[in-house]
Amino acid sequence: MKKLFIILILFILISGCVQEVGDVPLQTGGDEPYEGLRVNFIAVHGDSILIESPEGQKVLIDGGSEAHAHNYLKSKNITVIDHAIATHPHSDHMPGIEWIMSDEDFRLKKLYGNKGAEAHLSSRMAKIGLVNVQVLKAGDSIDIGGAKLDVLWPPPDTGAIPIFSNDLSLVTRLEYGNVSFLFMGDCEAFCEYGIISSEAEIDSTILKAGHHGLETSSKPEFLQAVSPDVIVTTSYSSSQYEPPVYIENRDINEYVMNTDSSHFDTQWNGTIRITTDGNAYNISLEKAPRGERW
Ligand SMILES: [Zn+2]
């Protein structure tokens, strides 16, 4: 990973105060409009990521298991989602999108999914006036206004991968100037090795690790190939009825110990916001260094 242009500032948000660590004045920790890119890893049970593009479009990748993402968006007065992406139809990713779909105060302009999500969501489309769920595959890309989201996985021919498998998760990469993000959904080792073999560009500044940081994902070869400066993991529950459990992944721990990199987790850090102007980036944590589990 090229660290040359990357300057990390850590904003620690405690009790409404902002404590700045670092010395570069990249403004962005708050909710004010910003001309660059903001990526919010929302504190939900499961995955939910809100991307705010340089031209103000809103992209939601997954919605978590319940109404947390819906409530977060409302608290930020965000009611128009330009692109919603269901990486796969599991109970810790998709119900939050359905929650938003069923609220008349929200407008959801386009909806994308993998094959399994399409099968599940299509029946609900007519209700909210959307024609269809666009199924994405490697090679597709979405213009999000001032940046684009490239789809790296699954391949057009998914072969024998079962339709509801984690390994069929939509994987996307976002590049903005010198800063890039790789969003892995619940991809596990099969998918990681598949992406490496596809020879797509995967070197990325920030990695949202696959499958909540469980040891079925984030294999050493994959971490080396991505060479992230920052790894983000998201809270994991064995079912939507169980509280999140904390995951220790030896490969992630070893990578972070042996490289100049950092690891944050929504279960401990709450919502994680990364803002970038394409050169530097900063990270705002709702709880730091690690708050109480929620
Ligand atoms: Zn999951």
# chains A, B, ... in the order shown; residues from 1 in each chain; ligands from 1
>>> residues_near_ligand(ligand="ligand 1", cutoff="12 Å", atoms="only C-alpha atoms and all ligand atoms", output="PyMOL selection string")
chain A and resi 44-48+62-65+86-95+164-167+169+184-188+208-214+217+233-240+244
>>> write_last_selection(atoms="N, CA and C atoms", output="short mmCIF file (atom, residue, chain, number, x, y, z; two decimals), in the first residue's frame")
data_model
loop_
_atom_site.label_atom_id
_atom_site.label_comp_id
_atom_site.auth_asym_id
_atom_site.auth_seq_id
_atom_site.Cartn_x
_atom_site.Cartn_y
_atom_site.Cartn_z
N VAL A 44 -24.42 -1.27 13.86
CA VAL A 44 -25.64 -2.08 13.78
C VAL A 44 -25.26 -3.50 14.19
N HIS A 45 -26.24 -4.35 14.36
CA HIS A 45 -25.94 -5.78 14.47
C HIS A 45 -25.78 -6.28 13.04
N GLY A 46 -24.55 -6.60 12.66
CA GLY A 46 -24.29 -7.00 11.27
C GLY A 46 -23.55 -5.90 10.55
N ASP A 47 -23.83 -5.78 9.25
CA ASP A 47 -23.14 -4.78 8.40
C ASP A 47 -24.10 -3.72 7.93
N SER A 48 -23.67 -2.47 7.97
CA SER A 48 -24.37 -1.39 7.26
C SER A 48 -23.38 -0.25 7.06
N ASP A 62 -25.79 -2.69 2.54
CA ASP A 62 -26.42 -3.48 3.60
C ASP A 62 -27.08 -2.58 4.66
N GLY A 63 -27.95 -3.21 5.45
CA GLY A 63 -28.72 -2.40 6.41
C GLY A 63 -28.73 -2.98 7.81
N GLY A 64 -27.92 -4.04 8.06
CA GLY A 64 -27.93 -4.65 9.39
C GLY A 64 -29.21 -5.43 9.65
N SER A 65 -29.33 -5.91 10.90
CA SER A 65 -30.42 -6.85 11.18
C SER A 65 -31.73 -6.17 11.55
N ALA A 86 -27.67 -4.74 -1.49
CA ALA A 86 -27.78 -5.88 -0.57
C ALA A 86 -26.73 -6.89 -0.99
N THR A 87 -25.65 -7.00 -0.21
CA THR A 87 -24.54 -7.88 -0.63
C THR A 87 -24.97 -9.34 -0.71
N HIS A 88 -25.87 -9.73 0.20
CA HIS A 88 -26.40 -11.09 0.20
C HIS A 88 -27.57 -11.11 1.19
N PRO A 89 -28.45 -12.11 1.07
CA PRO A 89 -29.72 -12.01 1.80
C PRO A 89 -29.71 -12.60 3.21
N HIS A 90 -28.68 -12.33 3.98
CA HIS A 90 -28.66 -12.89 5.34
C HIS A 90 -29.24 -11.91 6.35
N SER A 91 -29.64 -12.47 7.51
CA SER A 91 -30.45 -11.71 8.47
C SER A 91 -29.68 -10.61 9.19
N ASP A 92 -28.37 -10.54 9.02
CA ASP A 92 -27.60 -9.46 9.64
C ASP A 92 -27.18 -8.41 8.61
N HIS A 93 -27.76 -8.51 7.40
CA HIS A 93 -27.39 -7.57 6.33
C HIS A 93 -28.60 -6.93 5.66
N MET A 94 -29.64 -7.74 5.40
CA MET A 94 -30.70 -7.25 4.52
C MET A 94 -31.94 -6.68 5.24
N PRO A 95 -32.33 -7.17 6.42
CA PRO A 95 -33.57 -6.64 7.03
C PRO A 95 -33.54 -5.12 7.19
N PHE A 164 -27.25 -18.99 -1.48
CA PHE A 164 -27.30 -18.26 -0.21
C PHE A 164 -25.96 -18.29 0.54
N SER A 165 -24.88 -18.63 -0.18
CA SER A 165 -23.57 -18.73 0.46
C SER A 165 -22.97 -17.35 0.74
N ASN A 166 -22.21 -17.27 1.85
CA ASN A 166 -21.43 -16.04 2.10
C ASN A 166 -20.50 -15.75 0.94
N ASP A 167 -20.00 -16.81 0.32
CA ASP A 167 -19.03 -16.65 -0.77
C ASP A 167 -19.65 -16.09 -2.05
N SER A 169 -21.28 -13.24 -1.75
CA SER A 169 -21.46 -11.81 -1.38
C SER A 169 -20.94 -10.89 -2.47
N MET A 184 -16.04 -6.12 1.71
CA MET A 184 -16.03 -7.56 1.44
C MET A 184 -17.34 -8.28 1.72
N GLY A 185 -18.38 -7.58 2.23
CA GLY A 185 -19.58 -8.32 2.59
C GLY A 185 -19.21 -9.43 3.57
N ASP A 186 -19.76 -10.62 3.37
CA ASP A 186 -19.42 -11.77 4.23
C ASP A 186 -18.52 -12.77 3.51
N CYS A 187 -17.79 -12.29 2.53
CA CYS A 187 -16.87 -13.15 1.77
C CYS A 187 -15.98 -13.98 2.69
N GLU A 188 -15.81 -15.22 2.37
CA GLU A 188 -14.90 -16.07 3.14
C GLU A 188 -13.72 -16.46 2.25
N LYS A 208 -12.80 -3.35 4.69
CA LYS A 208 -13.89 -3.82 5.55
C LYS A 208 -13.81 -5.33 5.41
N ALA A 209 -13.26 -5.98 6.44
CA ALA A 209 -12.96 -7.40 6.36
C ALA A 209 -14.23 -8.23 6.14
N GLY A 210 -14.07 -9.37 5.49
CA GLY A 210 -15.19 -10.26 5.22
C GLY A 210 -15.71 -10.94 6.49
N HIS A 211 -17.01 -11.19 6.50
CA HIS A 211 -17.67 -12.00 7.52
C HIS A 211 -17.28 -11.63 8.94
N HIS A 212 -17.36 -10.32 9.24
CA HIS A 212 -17.25 -9.82 10.61
C HIS A 212 -15.93 -10.17 11.29
N GLY A 213 -14.90 -10.45 10.50
CA GLY A 213 -13.60 -10.76 11.09
C GLY A 213 -13.47 -12.18 11.60
N LEU A 214 -14.43 -13.05 11.28
CA LEU A 214 -14.29 -14.45 11.70
C LEU A 214 -13.08 -15.08 10.99
N SER A 217 -12.36 -15.93 7.23
CA SER A 217 -12.00 -14.89 6.26
C SER A 217 -10.68 -14.25 6.67
N THR A 233 -13.76 -4.18 11.14
CA THR A 233 -14.64 -5.33 11.25
C THR A 233 -15.97 -4.87 11.86
N THR A 234 -17.01 -5.65 11.62
CA THR A 234 -18.35 -5.25 12.07
C THR A 234 -18.92 -6.31 12.99
N SER A 235 -19.86 -5.92 13.84
CA SER A 235 -20.32 -6.82 14.90
C SER A 235 -21.01 -8.06 14.33
N TYR A 236 -20.84 -9.13 15.05
CA TYR A 236 -21.34 -10.44 14.58
C TYR A 236 -22.26 -11.07 15.63
N SER A 237 -23.42 -11.54 15.17
CA SER A 237 -24.29 -12.34 16.03
C SER A 237 -24.53 -13.66 15.32
N SER A 238 -24.65 -14.73 16.10
CA SER A 238 -24.87 -16.03 15.45
C SER A 238 -26.29 -16.10 14.89
N SER A 239 -27.21 -15.31 15.43
CA SER A 239 -28.54 -15.19 14.83
C SER A 239 -29.08 -13.82 15.19
N GLN A 240 -30.17 -13.42 14.54
CA GLN A 240 -30.67 -12.07 14.81
C GLN A 240 -31.27 -11.95 16.21
N PRO A 244 -24.44 -9.60 19.94
CA PRO A 244 -23.18 -9.78 19.21
C PRO A 244 -22.13 -10.46 20.08
#
>>> select_by_dssp(residues="region 69-196 of chain A", states="helix (DSSP H, G or I)", output="PyMOL selection string")
chain A and resi 69-75+95-101+115-124+126-128+166-168+189-196
>>> write_last_selection(atoms="N, CA and C atoms", output="compact mmCIF listing (two decimals), in the first residue's frame")
# COMPACT_ATOMS: atom_id res chain seq x y z
N ALA A 69 -29.81 1.12 11.34
CA ALA A 69 -29.37 1.96 10.21
C ALA A 69 -30.46 2.97 9.86
N HIS A 70 -31.71 2.50 9.87
CA HIS A 70 -32.86 3.37 9.61
C HIS A 70 -32.85 4.55 10.59
N ASN A 71 -32.63 4.26 11.87
CA ASN A 71 -32.62 5.31 12.89
C ASN A 71 -31.42 6.24 12.72
N TYR A 72 -30.28 5.65 12.36
CA TYR A 72 -29.07 6.47 12.14
C TYR A 72 -29.31 7.45 11.00
N LEU A 73 -29.86 6.97 9.89
CA LEU A 73 -30.10 7.83 8.73
C LEU A 73 -31.07 8.95 9.09
N LYS A 74 -32.13 8.59 9.80
CA LYS A 74 -33.11 9.61 10.20
C LYS A 74 -32.47 10.67 11.09
N SER A 75 -31.60 10.21 11.99
CA SER A 75 -30.95 11.17 12.91
C SER A 75 -30.05 12.13 12.14
N PRO A 95 -32.33 -7.17 6.42
CA PRO A 95 -33.57 -6.64 7.03
C PRO A 95 -33.54 -5.12 7.19
N GLY A 96 -32.39 -4.54 7.47
CA GLY A 96 -32.31 -3.09 7.63
C GLY A 96 -32.69 -2.35 6.35
N ILE A 97 -32.36 -2.94 5.21
CA ILE A 97 -32.76 -2.32 3.93
C ILE A 97 -34.26 -2.43 3.77
N GLU A 98 -34.82 -3.57 4.12
CA GLU A 98 -36.28 -3.74 4.02
C GLU A 98 -37.00 -2.77 4.96
N TRP A 99 -36.40 -2.52 6.13
CA TRP A 99 -36.96 -1.60 7.10
C TRP A 99 -37.09 -0.21 6.45
N ILE A 100 -36.03 0.19 5.75
CA ILE A 100 -36.02 1.50 5.08
C ILE A 100 -37.03 1.51 3.93
N MET A 101 -37.10 0.40 3.19
CA MET A 101 -38.04 0.31 2.07
C MET A 101 -39.48 0.50 2.53
N LYS A 115 -27.58 -12.52 -6.49
CA LYS A 115 -28.72 -13.33 -6.97
C LYS A 115 -29.69 -13.68 -5.85
N GLY A 116 -29.14 -14.04 -4.69
CA GLY A 116 -29.99 -14.42 -3.56
C GLY A 116 -30.84 -13.26 -3.08
N ALA A 117 -30.22 -12.06 -3.02
CA ALA A 117 -30.96 -10.88 -2.56
C ALA A 117 -32.07 -10.55 -3.56
N GLU A 118 -31.77 -10.69 -4.84
CA GLU A 118 -32.79 -10.41 -5.85
C GLU A 118 -34.00 -11.32 -5.66
N ALA A 119 -33.70 -12.62 -5.44
CA ALA A 119 -34.79 -13.58 -5.27
C ALA A 119 -35.68 -13.18 -4.10
N HIS A 120 -35.05 -12.68 -3.04
CA HIS A 120 -35.81 -12.34 -1.83
C HIS A 120 -36.55 -11.01 -1.98
N LEU A 121 -35.88 -10.03 -2.59
CA LEU A 121 -36.43 -8.67 -2.59
C LEU A 121 -37.41 -8.36 -3.71
N SER A 122 -37.31 -9.12 -4.82
CA SER A 122 -38.11 -8.77 -6.00
C SER A 122 -39.58 -8.66 -5.69
N SER A 123 -40.07 -9.55 -4.83
CA SER A 123 -41.50 -9.56 -4.54
C SER A 123 -41.94 -8.28 -3.84
N ARG A 124 -41.03 -7.53 -3.27
CA ARG A 124 -41.40 -6.32 -2.52
C ARG A 124 -41.28 -5.05 -3.34
N ALA A 126 -42.70 -3.83 -6.17
CA ALA A 126 -43.86 -3.09 -6.65
C ALA A 126 -44.38 -2.14 -5.58
N LYS A 127 -44.33 -2.59 -4.34
CA LYS A 127 -44.84 -1.80 -3.22
C LYS A 127 -44.19 -0.43 -3.12
N ILE A 128 -42.89 -0.35 -3.44
CA ILE A 128 -42.22 0.93 -3.27
C ILE A 128 -41.92 1.59 -4.62
N ASN A 166 -22.21 -17.27 1.85
CA ASN A 166 -21.43 -16.04 2.10
C ASN A 166 -20.50 -15.75 0.94
N ASP A 167 -20.00 -16.81 0.32
CA ASP A 167 -19.03 -16.65 -0.77
C ASP A 167 -19.65 -16.09 -2.05
N LEU A 168 -20.94 -15.85 -2.03
CA LEU A 168 -21.58 -15.19 -3.18
C LEU A 168 -21.82 -13.71 -2.88
N ALA A 189 -12.93 -17.45 2.73
CA ALA A 189 -11.65 -17.73 2.05
C ALA A 189 -11.83 -18.08 0.57
N PHE A 190 -12.85 -18.85 0.22
CA PHE A 190 -13.04 -19.26 -1.18
C PHE A 190 -13.13 -18.01 -2.07
N CYS A 191 -13.93 -17.08 -1.63
CA CYS A 191 -14.14 -15.85 -2.37
C CYS A 191 -12.86 -15.00 -2.39
N GLU A 192 -12.15 -14.95 -1.25
CA GLU A 192 -10.89 -14.17 -1.20
C GLU A 192 -9.89 -14.71 -2.23
N TYR A 193 -9.74 -16.04 -2.25
CA TYR A 193 -8.78 -16.60 -3.22
C TYR A 193 -9.28 -16.38 -4.65
N GLY A 194 -10.59 -16.43 -4.83
CA GLY A 194 -11.16 -16.19 -6.16
C GLY A 194 -10.87 -14.77 -6.64
N ILE A 195 -10.96 -13.82 -5.73
CA ILE A 195 -10.70 -12.41 -6.10
C ILE A 195 -9.21 -12.23 -6.41
N ILE A 196 -8.35 -12.88 -5.62
CA ILE A 196 -6.91 -12.79 -5.92
C ILE A 196 -6.66 -13.33 -7.32
>>> atom_distance(atom1="CA of Leu108 (chain A)", atom2="CA of Ile51 (chain A)")
14.4 Å
>>> closest_residue(among="A:Leu152, A:Ile81, A:Ile274, A:Val59", to="Thr205 (chain A)", atoms="only C-alpha atoms")
A:Ile274
>>> closest_atom_pairs(of="region 70-124 of chain A", to="region 130-145 of chain A", cutoff="6 Å", atoms="only C-alpha atoms", output="Markdown table")
| residue | atom | partner | partner_atom | distance |
| --- | --- | --- | --- | --- |
| A:Leu111 | CA | A:Val133 | CA | 5.3 |
| A:Tyr112 | CA | A:Gln134 | CA | 4.6 |
| A:Gly113 | CA | A:Val135 | CA | 5.1 |
| A:Asn114 | CA | A:Val135 | CA | 5.3 |
| A:Glu118 | CA | A:Val133 | CA | 5.6 |
>>> write_last_selection(atoms="C-alpha atoms", output="compact mmCIF listing (two decimals), in the first residue's frame")
# COMPACT_ATOMS: atom_id res chain seq x y z
CA LEU A 111 -31.58 -1.21 -5.49
CA TYR A 112 -28.87 -3.73 -6.29
CA GLY A 113 -28.15 -7.17 -4.96
CA ASN A 114 -26.56 -10.51 -5.57
CA GLU A 118 -32.79 -10.41 -5.85
>>> closest_residue(among="A:Ile61, A:Ala288, A:Thr79, A:Gly36", to="Leu182 (chain A)", atoms="only C-alpha atoms")
A:Ile61
>>> residues_around(residues="Thr275 (chain A)", least_positions_apart="6", cutoff="7 Å", atoms="only C-alpha atoms", output="ChimeraX atom specification")
/A:28,37-39,281-283
>>> write_last_selection(atoms="N, CA and C atoms", output="mmCIF file, in the first residue's frame")
data_model
loop_
_atom_site.group_PDB
_atom_site.id
_atom_site.type_symbol
_atom_site.label_atom_id
_atom_site.label_comp_id
_atom_site.auth_asym_id
_atom_site.auth_seq_id
_atom_site.Cartn_x
_atom_site.Cartn_y
_atom_site.Cartn_z
ATOM 1 N N THR A 28 -13.824 17.407 8.837
ATOM 2 C CA THR A 28 -14.771 16.448 8.335
ATOM 3 C C THR A 28 -15.408 15.569 9.352
ATOM 4 N N LEU A 37 -15.128 12.622 0.262
ATOM 5 C CA LEU A 37 -15.850 11.358 0.420
ATOM 6 C C LEU A 37 -15.921 10.995 1.903
ATOM 7 N N ARG A 38 -17.110 10.570 2.341
ATOM 8 C CA ARG A 38 -17.250 10.089 3.715
ATOM 9 C C ARG A 38 -17.816 8.681 3.693
ATOM 10 N N VAL A 39 -17.220 7.810 4.475
ATOM 11 C CA VAL A 39 -17.718 6.438 4.583
ATOM 12 C C VAL A 39 -17.996 6.159 6.057
ATOM 13 N N TYR A 281 -6.730 11.118 4.984
ATOM 14 C CA TYR A 281 -8.018 10.671 5.509
ATOM 15 C C TYR A 281 -7.987 10.799 7.017
ATOM 16 N N ASN A 282 -9.159 10.909 7.604
ATOM 17 C CA ASN A 282 -9.210 10.852 9.060
ATOM 18 C C ASN A 282 -10.290 9.877 9.495
ATOM 19 N N ILE A 283 -10.170 9.490 10.740
ATOM 20 C CA ILE A 283 -11.096 8.487 11.278
ATOM 21 C C ILE A 283 -11.752 9.056 12.529
#
>>> atom_distance(atom1="CA of Val171 (chain A)", atom2="CA of Val151 (chain A)")
5.9 Å
>>> select_by_dssp(residues="region 36-210 of chain A", states="strand (DSSP E)", output="NGL selection string")
:A and (37-41 or 49-52 or 58-61 or 80-81 or 83-86 or 107-108 or 111-113 or 134-135 or 141-143 or 148-153 or 171-176 or 179-183 or 206-208)
>>> decode(residues="region 207-235 of chain A", atoms="N, CA and C atoms", output="mmCIF file, in the first residue's frame")
data_model
loop_
_atom_site.group_PDB
_atom_site.id
_atom_site.type_symbol
_atom_site.label_atom_id
_atom_site.label_comp_id
_atom_site.auth_asym_id
_atom_site.auth_seq_id
_atom_site.Cartn_x
_atom_site.Cartn_y
_atom_site.Cartn_z
ATOM 1 N N LEU A 207 -9.761 -1.736 4.466
ATOM 2 C CA LEU A 207 -10.428 -3.016 4.190
ATOM 3 C C LEU A 207 -11.547 -3.218 5.193
ATOM 4 N N LYS A 208 -12.799 -3.352 4.688
ATOM 5 C CA LYS A 208 -13.892 -3.824 5.549
ATOM 6 C C LYS A 208 -13.814 -5.329 5.415
ATOM 7 N N ALA A 209 -13.261 -5.977 6.437
ATOM 8 C CA ALA A 209 -12.960 -7.403 6.356
ATOM 9 C C ALA A 209 -14.227 -8.226 6.139
ATOM 10 N N GLY A 210 -14.071 -9.373 5.494
ATOM 11 C CA GLY A 210 -15.188 -10.259 5.222
ATOM 12 C C GLY A 210 -15.710 -10.935 6.489
ATOM 13 N N HIS A 211 -17.015 -11.187 6.498
ATOM 14 C CA HIS A 211 -17.675 -12.001 7.519
ATOM 15 C C HIS A 211 -17.282 -11.626 8.942
ATOM 16 N N HIS A 212 -17.362 -10.319 9.236
ATOM 17 C CA HIS A 212 -17.254 -9.820 10.609
ATOM 18 C C HIS A 212 -15.927 -10.172 11.293
ATOM 19 N N GLY A 213 -14.900 -10.454 10.498
ATOM 20 C CA GLY A 213 -13.599 -10.762 11.094
ATOM 21 C C GLY A 213 -13.471 -12.184 11.596
ATOM 22 N N LEU A 214 -14.427 -13.054 11.277
ATOM 23 C CA LEU A 214 -14.290 -14.450 11.699
ATOM 24 C C LEU A 214 -13.083 -15.080 10.989
ATOM 25 N N GLU A 215 -12.583 -16.181 11.574
ATOM 26 C CA GLU A 215 -11.356 -16.765 11.027
ATOM 27 C C GLU A 215 -11.574 -17.493 9.700
ATOM 28 N N THR A 216 -12.819 -17.577 9.260
ATOM 29 C CA THR A 216 -13.072 -18.147 7.937
ATOM 30 C C THR A 216 -12.679 -17.172 6.832
ATOM 31 N N SER A 217 -12.364 -15.934 7.226
ATOM 32 C CA SER A 217 -11.999 -14.891 6.259
ATOM 33 C C SER A 217 -10.683 -14.247 6.674
ATOM 34 N N SER A 218 -10.234 -13.280 5.876
ATOM 35 C CA SER A 218 -9.018 -12.508 6.171
ATOM 36 C C SER A 218 -7.795 -13.413 6.274
ATOM 37 N N LYS A 219 -7.627 -14.254 5.270
ATOM 38 C CA LYS A 219 -6.475 -15.155 5.238
ATOM 39 C C LYS A 219 -5.200 -14.335 4.988
ATOM 40 N N PRO A 220 -4.051 -14.793 5.508
ATOM 41 C CA PRO A 220 -2.815 -14.003 5.390
ATOM 42 C C PRO A 220 -2.497 -13.592 3.953
ATOM 43 N N GLU A 221 -2.689 -14.501 2.980
ATOM 44 C CA GLU A 221 -2.374 -14.163 1.582
ATOM 45 C C GLU A 221 -3.252 -13.015 1.101
ATOM 46 N N PHE A 222 -4.503 -13.028 1.546
ATOM 47 C CA PHE A 222 -5.426 -11.981 1.117
ATOM 48 C C PHE A 222 -5.042 -10.642 1.756
ATOM 49 N N LEU A 223 -4.740 -10.673 3.049
ATOM 50 C CA LEU A 223 -4.354 -9.426 3.723
ATOM 51 C C LEU A 223 -3.097 -8.848 3.080
ATOM 52 N N GLN A 224 -2.159 -9.730 2.730
ATOM 53 C CA GLN A 224 -0.937 -9.243 2.072
ATOM 54 C C GLN A 224 -1.269 -8.611 0.729
ATOM 55 N N ALA A 225 -2.186 -9.235 -0.016
ATOM 56 C CA ALA A 225 -2.522 -8.726 -1.354
ATOM 57 C C ALA A 225 -3.244 -7.377 -1.264
ATOM 58 N N VAL A 226 -4.079 -7.203 -0.251
ATOM 59 C CA VAL A 226 -4.823 -5.934 -0.096
ATOM 60 C C VAL A 226 -3.924 -4.880 0.561
ATOM 61 N N SER A 227 -3.072 -5.331 1.471
ATOM 62 C CA SER A 227 -2.149 -4.487 2.253
ATOM 63 C C SER A 227 -2.810 -3.203 2.772
ATOM 64 N N PRO A 228 -3.889 -3.366 3.552
ATOM 65 C CA PRO A 228 -4.591 -2.176 4.053
ATOM 66 C C PRO A 228 -3.817 -1.451 5.158
ATOM 67 N N ASP A 229 -4.053 -0.151 5.260
ATOM 68 C CA ASP A 229 -3.549 0.616 6.404
ATOM 69 C C ASP A 229 -4.516 0.499 7.577
ATOM 70 N N VAL A 230 -5.790 0.283 7.249
ATOM 71 C CA VAL A 230 -6.835 0.211 8.273
ATOM 72 C C VAL A 230 -7.737 -0.986 7.972
ATOM 73 N N ILE A 231 -8.002 -1.795 8.998
ATOM 74 C CA ILE A 231 -8.973 -2.883 8.860
ATOM 75 C C ILE A 231 -10.175 -2.541 9.732
ATOM 76 N N VAL A 232 -11.364 -2.645 9.144
ATOM 77 C CA VAL A 232 -12.599 -2.434 9.909
ATOM 78 C C VAL A 232 -13.351 -3.759 9.955
ATOM 79 N N THR A 233 -13.762 -4.176 11.145
ATOM 80 C CA THR A 233 -14.644 -5.334 11.250
ATOM 81 C C THR A 233 -15.969 -4.871 11.856
ATOM 82 N N THR A 234 -17.014 -5.655 11.625
ATOM 83 C CA THR A 234 -18.351 -5.254 12.065
ATOM 84 C C THR A 234 -18.921 -6.312 12.992
ATOM 85 N N SER A 235 -19.856 -5.924 13.840
ATOM 86 C CA SER A 235 -20.317 -6.815 14.899
ATOM 87 C C SER A 235 -21.009 -8.058 14.327
#
